[in-house]
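Source file: structure_10.pdb; contents: PDB, C-alpha atoms.
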ATOM      1  CA  MET A   1     187.824 188.690  42.559
ATOM      2  CA  GLU A   2     185.746 186.282  44.643
ATOM      3  CA  ARG A   3     186.535 186.389  48.351
ATOM      4  CA  PRO A   4     188.051 183.182  49.827
ATOM      5  CA  ARG A   5     185.600 181.019  51.771
ATOM      6  CA  ARG A   6     186.235 181.618  55.448
ATOM      7  CA  LEU A   7     185.142 179.830  58.605
ATOM      8  CA  ILE A   8     185.483 180.313  62.346
ATOM      9  CA  LEU A   9     186.032 177.028  64.178
ATOM     10  CA  ILE A  10     185.078 176.875  67.857
ATOM     11  CA  PRO A  11     185.934 173.755  69.889
ATOM     12  CA  ALA A  12     183.500 173.484  72.784
ATOM     13  CA  TYR A  13     182.986 171.177  75.727
ATOM     14  CA  ASN A  14     180.167 171.961  78.183
ATOM     15  CA  GLU A  15     180.029 175.660  77.274
ATOM     16  CA  GLU A  16     176.259 176.192  77.286
ATOM     17  CA  LYS A  17     176.618 179.377  79.373
ATOM     18  CA  THR A  18     178.746 181.215  76.816
ATOM     19  CA  ILE A  19     178.307 179.529  73.443
ATOM     20  CA  LYS A  20     175.275 181.550  72.283
ATOM     21  CA  LYS A  21     177.016 184.900  72.774
ATOM     22  CA  VAL A  22     180.247 183.657  71.195
ATOM     23  CA  VAL A  23     178.487 182.207  68.156
ATOM     24  CA  THR A  24     176.203 185.220  67.678
ATOM     25  CA  GLU A  25     179.136 187.633  67.679
ATOM     26  CA  ALA A  26     181.283 185.412  65.470
ATOM     27  CA  LEU A  27     178.537 185.172  62.842
ATOM     28  CA  ASN A  28     178.974 188.899  62.272
ATOM     29  CA  VAL A  29     182.389 188.046  60.827
ATOM     30  CA  CYS A  30     181.775 184.910  58.756
ATOM     31  CA  GLU A  31     180.388 181.372  58.903
ATOM     32  CA  VAL A  32     180.832 179.503  62.177
ATOM     33  CA  CYS A  33     181.273 175.825  62.972
ATOM     34  CA  VAL A  34     181.220 174.555  66.559
ATOM     35  CA  ILE A  35     183.004 171.284  67.300
ATOM     36  CA  ASP A  36     180.826 169.932  70.097
ATOM     37  CA  ASP A  37     183.380 167.698  71.803
ATOM     38  CA  SER A  38     180.875 165.260  73.358
ATOM     39  CA  SER A  39     179.438 167.891  75.686
ATOM     40  CA  GLN A  40     177.114 166.628  78.408
ATOM     41  CA  ASP A  41     175.050 169.823  78.423
ATOM     42  CA  LYS A  42     173.179 171.748  75.721
ATOM     43  CA  THR A  43     176.263 173.273  74.051
ATOM     44  CA  GLY A  44     175.599 171.742  70.630
ATOM     45  CA  GLU A  45     171.866 172.416  70.690
ATOM     46  CA  ILE A  46     172.360 176.075  71.641
ATOM     47  CA  ALA A  47     175.124 176.549  69.078
ATOM     48  CA  LYS A  48     172.918 175.166  66.301
ATOM     49  CA  SER A  49     169.901 177.255  67.285
ATOM     50  CA  SER A  50     172.190 180.321  67.339
ATOM     51  CA  GLY A  51     173.091 179.795  63.685
ATOM     52  CA  ALA A  52     176.320 177.779  63.790
ATOM     53  CA  LYS A  53     177.087 174.601  61.939
ATOM     54  CA  VAL A  54     177.706 171.889  64.538
ATOM     55  CA  ILE A  55     179.860 168.787  64.171
ATOM     56  CA  ARG A  56     180.236 166.240  66.941
ATOM     57  CA  PRO A  57     182.995 163.602  67.154
ATOM     58  CA  LYS A  58     181.961 160.106  68.224
ATOM     59  CA  HIS A  59     183.862 160.515  71.492
ATOM     60  CA  ASN A  60     185.596 163.250  73.493
ATOM     61  CA  LEU A  61     188.834 164.263  71.780
ATOM     62  CA  GLY A  62     190.188 167.060  73.952
ATOM     63  CA  TYR A  63     190.881 170.633  72.908
ATOM     64  CA  GLU A  64     193.647 170.282  70.324
ATOM     65  CA  GLU A  65     192.355 167.113  68.699
ATOM     66  CA  ALA A  66     188.920 168.707  68.444
ATOM     67  CA  ILE A  67     190.514 171.579  66.509
ATOM     68  CA  GLY A  68     192.242 169.064  64.240
ATOM     69  CA  TYR A  69     188.915 167.335  63.663
ATOM     70  CA  GLY A  70     187.364 170.667  62.722
ATOM     71  CA  ILE A  71     190.196 171.663  60.390
ATOM     72  CA  ASN A  72     189.969 168.333  58.554
ATOM     73  CA  TRP A  73     186.221 168.895  58.170
ATOM     74  CA  ALA A  74     186.818 172.436  56.887
ATOM     75  CA  MET A  75     189.327 171.181  54.313
ATOM     76  CA  LYS A  76     186.839 168.603  53.027
ATOM     77  CA  LYS A  77     184.229 171.356  52.743
ATOM     78  CA  ARG A  78     186.725 173.459  50.747
ATOM     79  CA  TYR A  79     187.011 176.388  53.122
ATOM     80  CA  GLU A  80     190.112 178.434  52.352
ATOM     81  CA  PHE A  81     190.593 180.553  55.492
ATOM     82  CA  VAL A  82     189.995 179.127  58.967
ATOM     83  CA  ILE A  83     190.116 180.984  62.278
ATOM     84  CA  THR A  84     190.164 179.023  65.543
ATOM     85  CA  MET A  85     188.828 180.661  68.689
ATOM     86  CA  ASP A  86     187.691 179.548  72.137
ATOM     87  CA  ALA A  87     184.097 179.004  73.246
ATOM     88  CA  ASP A  88     184.415 180.622  76.665
ATOM     89  CA  GLY A  89     184.169 184.241  75.538
ATOM     90  CA  GLN A  90     187.800 185.119  76.268
ATOM     91  CA  HIS A  91     188.541 186.180  72.687
ATOM     92  CA  SER A  92     187.118 189.463  71.460
ATOM     93  CA  ILE A  93     185.566 189.725  68.011
ATOM     94  CA  SER A  94     187.818 192.692  67.235
ATOM     95  CA  ASP A  95     190.819 190.373  67.696
ATOM     96  CA  VAL A  96     189.159 187.723  65.531
ATOM     97  CA  LYS A  97     188.790 190.355  62.790
ATOM     98  CA  LYS A  98     192.470 191.307  63.137
ATOM     99  CA  THR A  99     193.425 187.660  62.743
ATOM    100  CA  LEU A 100     191.300 187.311  59.624
ATOM    101  CA  GLN A 101     192.709 190.552  58.247
ATOM    102  CA  GLY A 102     196.180 189.014  58.387
ATOM    103  CA  LEU A 103     195.012 186.235  56.052
ATOM    104  CA  ASP A 104     193.341 188.770  53.758
ATOM    105  CA  GLU A 105     196.671 190.595  53.578
ATOM    106  CA  GLY A 106     198.286 187.449  52.187
ATOM    107  CA  TYR A 107     199.866 185.901  55.286
ATOM    108  CA  LYS A 108     199.711 182.093  55.319
ATOM    109  CA  ILE A 109     199.286 182.064  59.082
ATOM    110  CA  SER A 110     197.973 184.775  61.419
ATOM    111  CA  ILE A 111     198.246 184.374  65.178
ATOM    112  CA  CYS A 112     197.508 186.179  68.415
ATOM    113  CA  GLU A 113     199.837 186.374  71.389
ATOM    114  CA  ARG A 114     198.415 186.995  74.850
ATOM    115  CA  GLN A 115     199.936 189.686  77.030
ATOM    116  CA  LEU A 116     199.368 187.546  80.129
ATOM    117  CA  LEU A 117     199.825 183.766  80.165
ATOM    118  CA  PRO A 118     197.701 181.880  82.734
ATOM    119  CA  ARG A 119     199.761 178.707  83.213
ATOM    120  CA  SER A 120     203.305 178.269  84.553
ATOM    121  CA  SER A 121     204.097 175.824  81.742
ATOM    122  CA  GLU A 122     203.129 178.425  79.123
ATOM    123  CA  LYS A 123     205.362 181.033  80.742
ATOM    124  CA  ILE A 124     208.329 178.654  80.737
ATOM    125  CA  ILE A 125     207.840 177.686  77.089
ATOM    126  CA  SER A 126     207.272 181.318  76.143
ATOM    127  CA  PHE A 127     210.712 182.266  77.484
ATOM    128  CA  PHE A 128     212.409 179.819  75.114
ATOM    129  CA  THR A 129     210.205 180.295  72.052
ATOM    130  CA  ARG A 130     210.621 184.057  72.288
ATOM    131  CA  PHE A 131     214.413 183.643  72.399
ATOM    132  CA  PHE A 132     214.732 181.054  69.610
ATOM    133  CA  PHE A 133     211.797 181.853  67.313
ATOM    134  CA  ASN A 134     210.549 185.346  68.230
ATOM    135  CA  LEU A 135     207.204 183.786  69.222
ATOM    136  CA  SER A 136     205.899 184.565  72.699
ATOM    137  CA  ASP A 137     202.697 182.489  72.767
ATOM    138  CA  ILE A 138     202.506 179.359  70.627
ATOM    139  CA  PHE A 139     199.468 178.045  72.548
ATOM    140  CA  CYS A 140     196.998 180.881  72.131
ATOM    141  CA  GLY A 141     193.727 179.480  70.799
ATOM    142  CA  LEU A 142     193.123 182.387  68.418
ATOM    143  CA  LYS A 143     194.932 181.564  65.185
ATOM    144  CA  GLY A 144     194.200 181.833  61.472
ATOM    145  CA  TYR A 145     195.301 179.587  58.625
ATOM    146  CA  SER A 146     195.272 179.844  54.855
ATOM    147  CA  LEU A 147     194.494 176.156  54.417
ATOM    148  CA  LYS A 148     195.842 175.703  50.897
ATOM    149  CA  ASN A 149     199.333 176.032  52.361
ATOM    150  CA  PHE A 150     198.806 173.091  54.730
ATOM    151  CA  HIS A 151     197.078 170.536  52.496
ATOM    152  CA  GLY A 152     198.670 167.096  52.296
ATOM    153  CA  VAL A 153     200.882 167.544  55.366
ATOM    154  CA  GLU A 154     200.614 165.190  58.345
ATOM    155  CA  PHE A 155     200.346 167.074  61.630
ATOM    156  CA  SER A 156     200.245 165.912  65.225
ATOM    157  CA  THR A 157     196.650 166.308  66.377
ATOM    158  CA  ASN A 158     197.742 166.374  70.025
ATOM    159  CA  MET A 159     198.922 169.962  69.603
ATOM    160  CA  ILE A 160     197.606 170.896  66.176
ATOM    161  CA  GLY A 161     197.980 174.663  66.532
ATOM    162  CA  SER A 162     201.639 174.550  67.488
ATOM    163  CA  SER A 163     202.267 171.893  64.794
ATOM    164  CA  TYR A 164     200.943 174.246  62.112
ATOM    165  CA  LEU A 165     203.005 177.057  63.565
ATOM    166  CA  LYS A 166     206.155 174.915  63.551
ATOM    167  CA  TYR A 167     205.522 173.984  59.931
ATOM    168  CA  ALA A 168     205.202 177.676  59.100
ATOM    169  CA  GLN A 169     208.503 178.364  60.874
ATOM    170  CA  LYS A 170     210.360 175.584  59.060
ATOM    171  CA  ASN A 171     209.049 176.735  55.691
ATOM    172  CA  LYS A 172     209.866 180.368  56.433
ATOM    173  CA  PHE A 173     206.269 181.553  56.147
ATOM    174  CA  GLU A 174     205.932 185.154  57.209
ATOM    175  CA  ILE A 175     203.708 185.147  60.303
ATOM    176  CA  LYS A 176     201.255 187.904  61.165
ATOM    177  CA  LYS A 177     201.195 188.511  64.944
ATOM    178  CA  ASN A 178     198.733 190.500  67.040
ATOM    179  CA  THR A 179     199.157 191.091  70.762
ATOM    180  CA  ILE A 180     195.902 190.635  72.682
ATOM    181  CA  LEU A 181     194.554 190.793  76.208
ATOM    182  CA  VAL A 182     191.991 188.060  76.858
ATOM    183  CA  THR A 183     189.008 188.309  79.197
ATOM    184  CA  ASP A 184     189.090 186.141  82.318
ATOM    185  CA  ARG A 185     186.377 183.517  82.454
ATOM    186  CA  GLU A 186     184.305 183.297  85.616
ATOM    187  CA  ASP A 187     184.560 179.523  86.136
ATOM    188  CA  ASN A 188     187.307 176.953  85.623
ATOM    189  CA  PRO A 189     188.641 176.271  82.103
ATOM    190  CA  ARG A 190     186.856 173.291  80.534
ATOM    191  CA  PHE A 191     190.120 171.961  79.115
ATOM    192  CA  GLY A 192     191.994 172.063  82.368
ATOM    193  CA  ASN A 193     194.535 173.670  84.648
ATOM    194  CA  SER A 194     195.629 170.346  86.106
ATOM    195  CA  VAL A 195     199.133 168.970  86.532
ATOM    196  CA  LYS A 196     198.387 166.724  83.560
ATOM    197  CA  THR A 197     197.559 169.761  81.423
ATOM    198  CA  GLU A 198     200.718 171.574  82.547
ATOM    199  CA  PHE A 199     202.811 168.507  81.687
ATOM    200  CA  LYS A 200     201.140 168.174  78.285
ATOM    201  CA  ILE A 201     201.892 171.812  77.480
ATOM    202  CA  LEU A 202     205.516 171.478  78.606
ATOM    203  CA  THR A 203     205.944 168.334  76.496
ATOM    204  CA  ALA A 204     204.446 169.989  73.416
ATOM    205  CA  GLY A 205     206.549 173.086  73.942
ATOM    206  CA  ILE A 206     209.763 171.109  74.235
ATOM    207  CA  ARG A 207     208.838 169.226  71.064
ATOM    208  CA  PHE A 208     208.234 172.523  69.289
ATOM    209  CA  ILE A 209     211.628 173.878  70.364
ATOM    210  CA  THR A 210     213.710 170.776  69.656
ATOM    211  CA  ASN A 211     212.155 169.354  66.464
TER     212      ASN A 211
END
As structure tokens, how would this structure be written, given the file I've shared?
Amino acid sequence: MERPRRLILIPAYNEEKTIKKVVTEALNVCEVCVIDDSSQDKTGEIAKSSGAKVIRPKHNLGYEEAIGYGINWAMKKRYEFVITMDADGQHSISDVKKTLQGLDEGYKISICERQLLPRSSEKIISFFTRFFFNLSDIFCGLKGYSLKNFHGVEFSTNMIGSSYLKYAQKNKFEIKKNTILVTDREDNPRFGNSVKTEFKILTAGIRFITN
């Protein structure tokens, strides 16, 4: 039987310091596509020279919408399995492989849950999602999707990962979960630790719980 086409999607904004290492390691698993979210440095150029496919939106989308942009591209290119991971080097390739293994085992969605959550908003949401849904980390960037199970469904691109996860919950998809410990990055997160980011996460989490 022919193996499903698989792709690692990496949203990146000004990650020239880490993108080469991340792409090089990820290529040992499968094909890689970097969504260069209007970076102002050499992120896209380095990613391409390192062997990744690179797509670049016309304007900066932000983390979640960049993932949505990449998933739509992957669907058009007829990829069947997609893994999303971060560009900052916090996700280990061994955990990426575990996520992909979940899809190979037949799960429609395969996610990772961090042992330690960095933001107060994530900790608050985690308390409720663990109680109501047995999910401790709906915002981890390392997730895997069997795309054929999500074709034709409209999802909110503001929080695409949690939207897919909510859809899986509503449709009673069995979810593969792996607990991971991410590596701390040396500088500040490109996608923010601001009050605005905290509020956005809280809003998305509340929507996940109540919808």
Determine the nearest neighbour of Arg56 of chain A from the options A:Asp88, A:Tyr13, A:Phe81, A:Lys176, counting all atoms listed in the file.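 The answer is A:Tyr13, which sits nearest to Arg56 of chain A.
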If the PyMOL selection byres ((chain A and resi 63) around 8) were run on this exact file, what residues would it hold? Put them as a list in words. Pro11, Ala12, Leu61, Gly62, Glu64, Glu65, Ala66, Ile67 and Phe191 of chain A
Closest contacts (segment 7-35 of chain A/segment 73-78 of chain A, max 9 Å, all atoms listed in the file) as JSON lines:
{"residue": "A:Leu7", "atom": "CA", "partner": "A:Ala74", "partner_atom": "CA", "distance": 7.8}
{"residue": "A:Leu9", "atom": "CA", "partner": "A:Ala74", "partner_atom": "CA", "distance": 8.7}
{"residue": "A:Cys33", "atom": "CA", "partner": "A:Ala74", "partner_atom": "CA", "distance": 8.9}
With C-alpha atoms kept, could you save the residues just selected as a short mmCIF file (atom, residue, chain, number, x, y, z; two decimals), in the coordinates of the input?
data_model
loop_
_atom_site.label_atom_id
_atom_site.label_comp_id
_atom_site.auth_asym_id
_atom_site.auth_seq_id
_atom_site.Cartn_x
_atom_site.Cartn_y
_atom_site.Cartn_z
CA LEU A 7 185.14 179.83 58.60
CA LEU A 9 186.03 177.03 64.18
CA CYS A 33 181.27 175.82 62.97
#
Using all atoms listed in the file: which of A:Val96, A:Ala26, A:Ile209, A:Ala204 has the shortest distance to Leu142 of chain A: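 Among the listed residues, A:Val96 lies closest to Leu142 of chain A.
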What is the distance, in Å and to one decimal place, between atom CA of Asn211 of chain A and atom CA of Tyr79 of chain A?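 Interatomic distance, atom CA of Asn211 of chain A to atom CA of Tyr79 of chain A: 29.3 Å.
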Take the PyMOL selection byres ((chain A and resi 52) around 8), apply it to the structure above, and return the hits as a ChimeraX atom specification. /A:23,27,31-34,47-51,53-54
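Reported to one decimal place, the separation of atom CA of Ser39 of chain A from atom CA of Ser162 of chain A is 24.6 Å.
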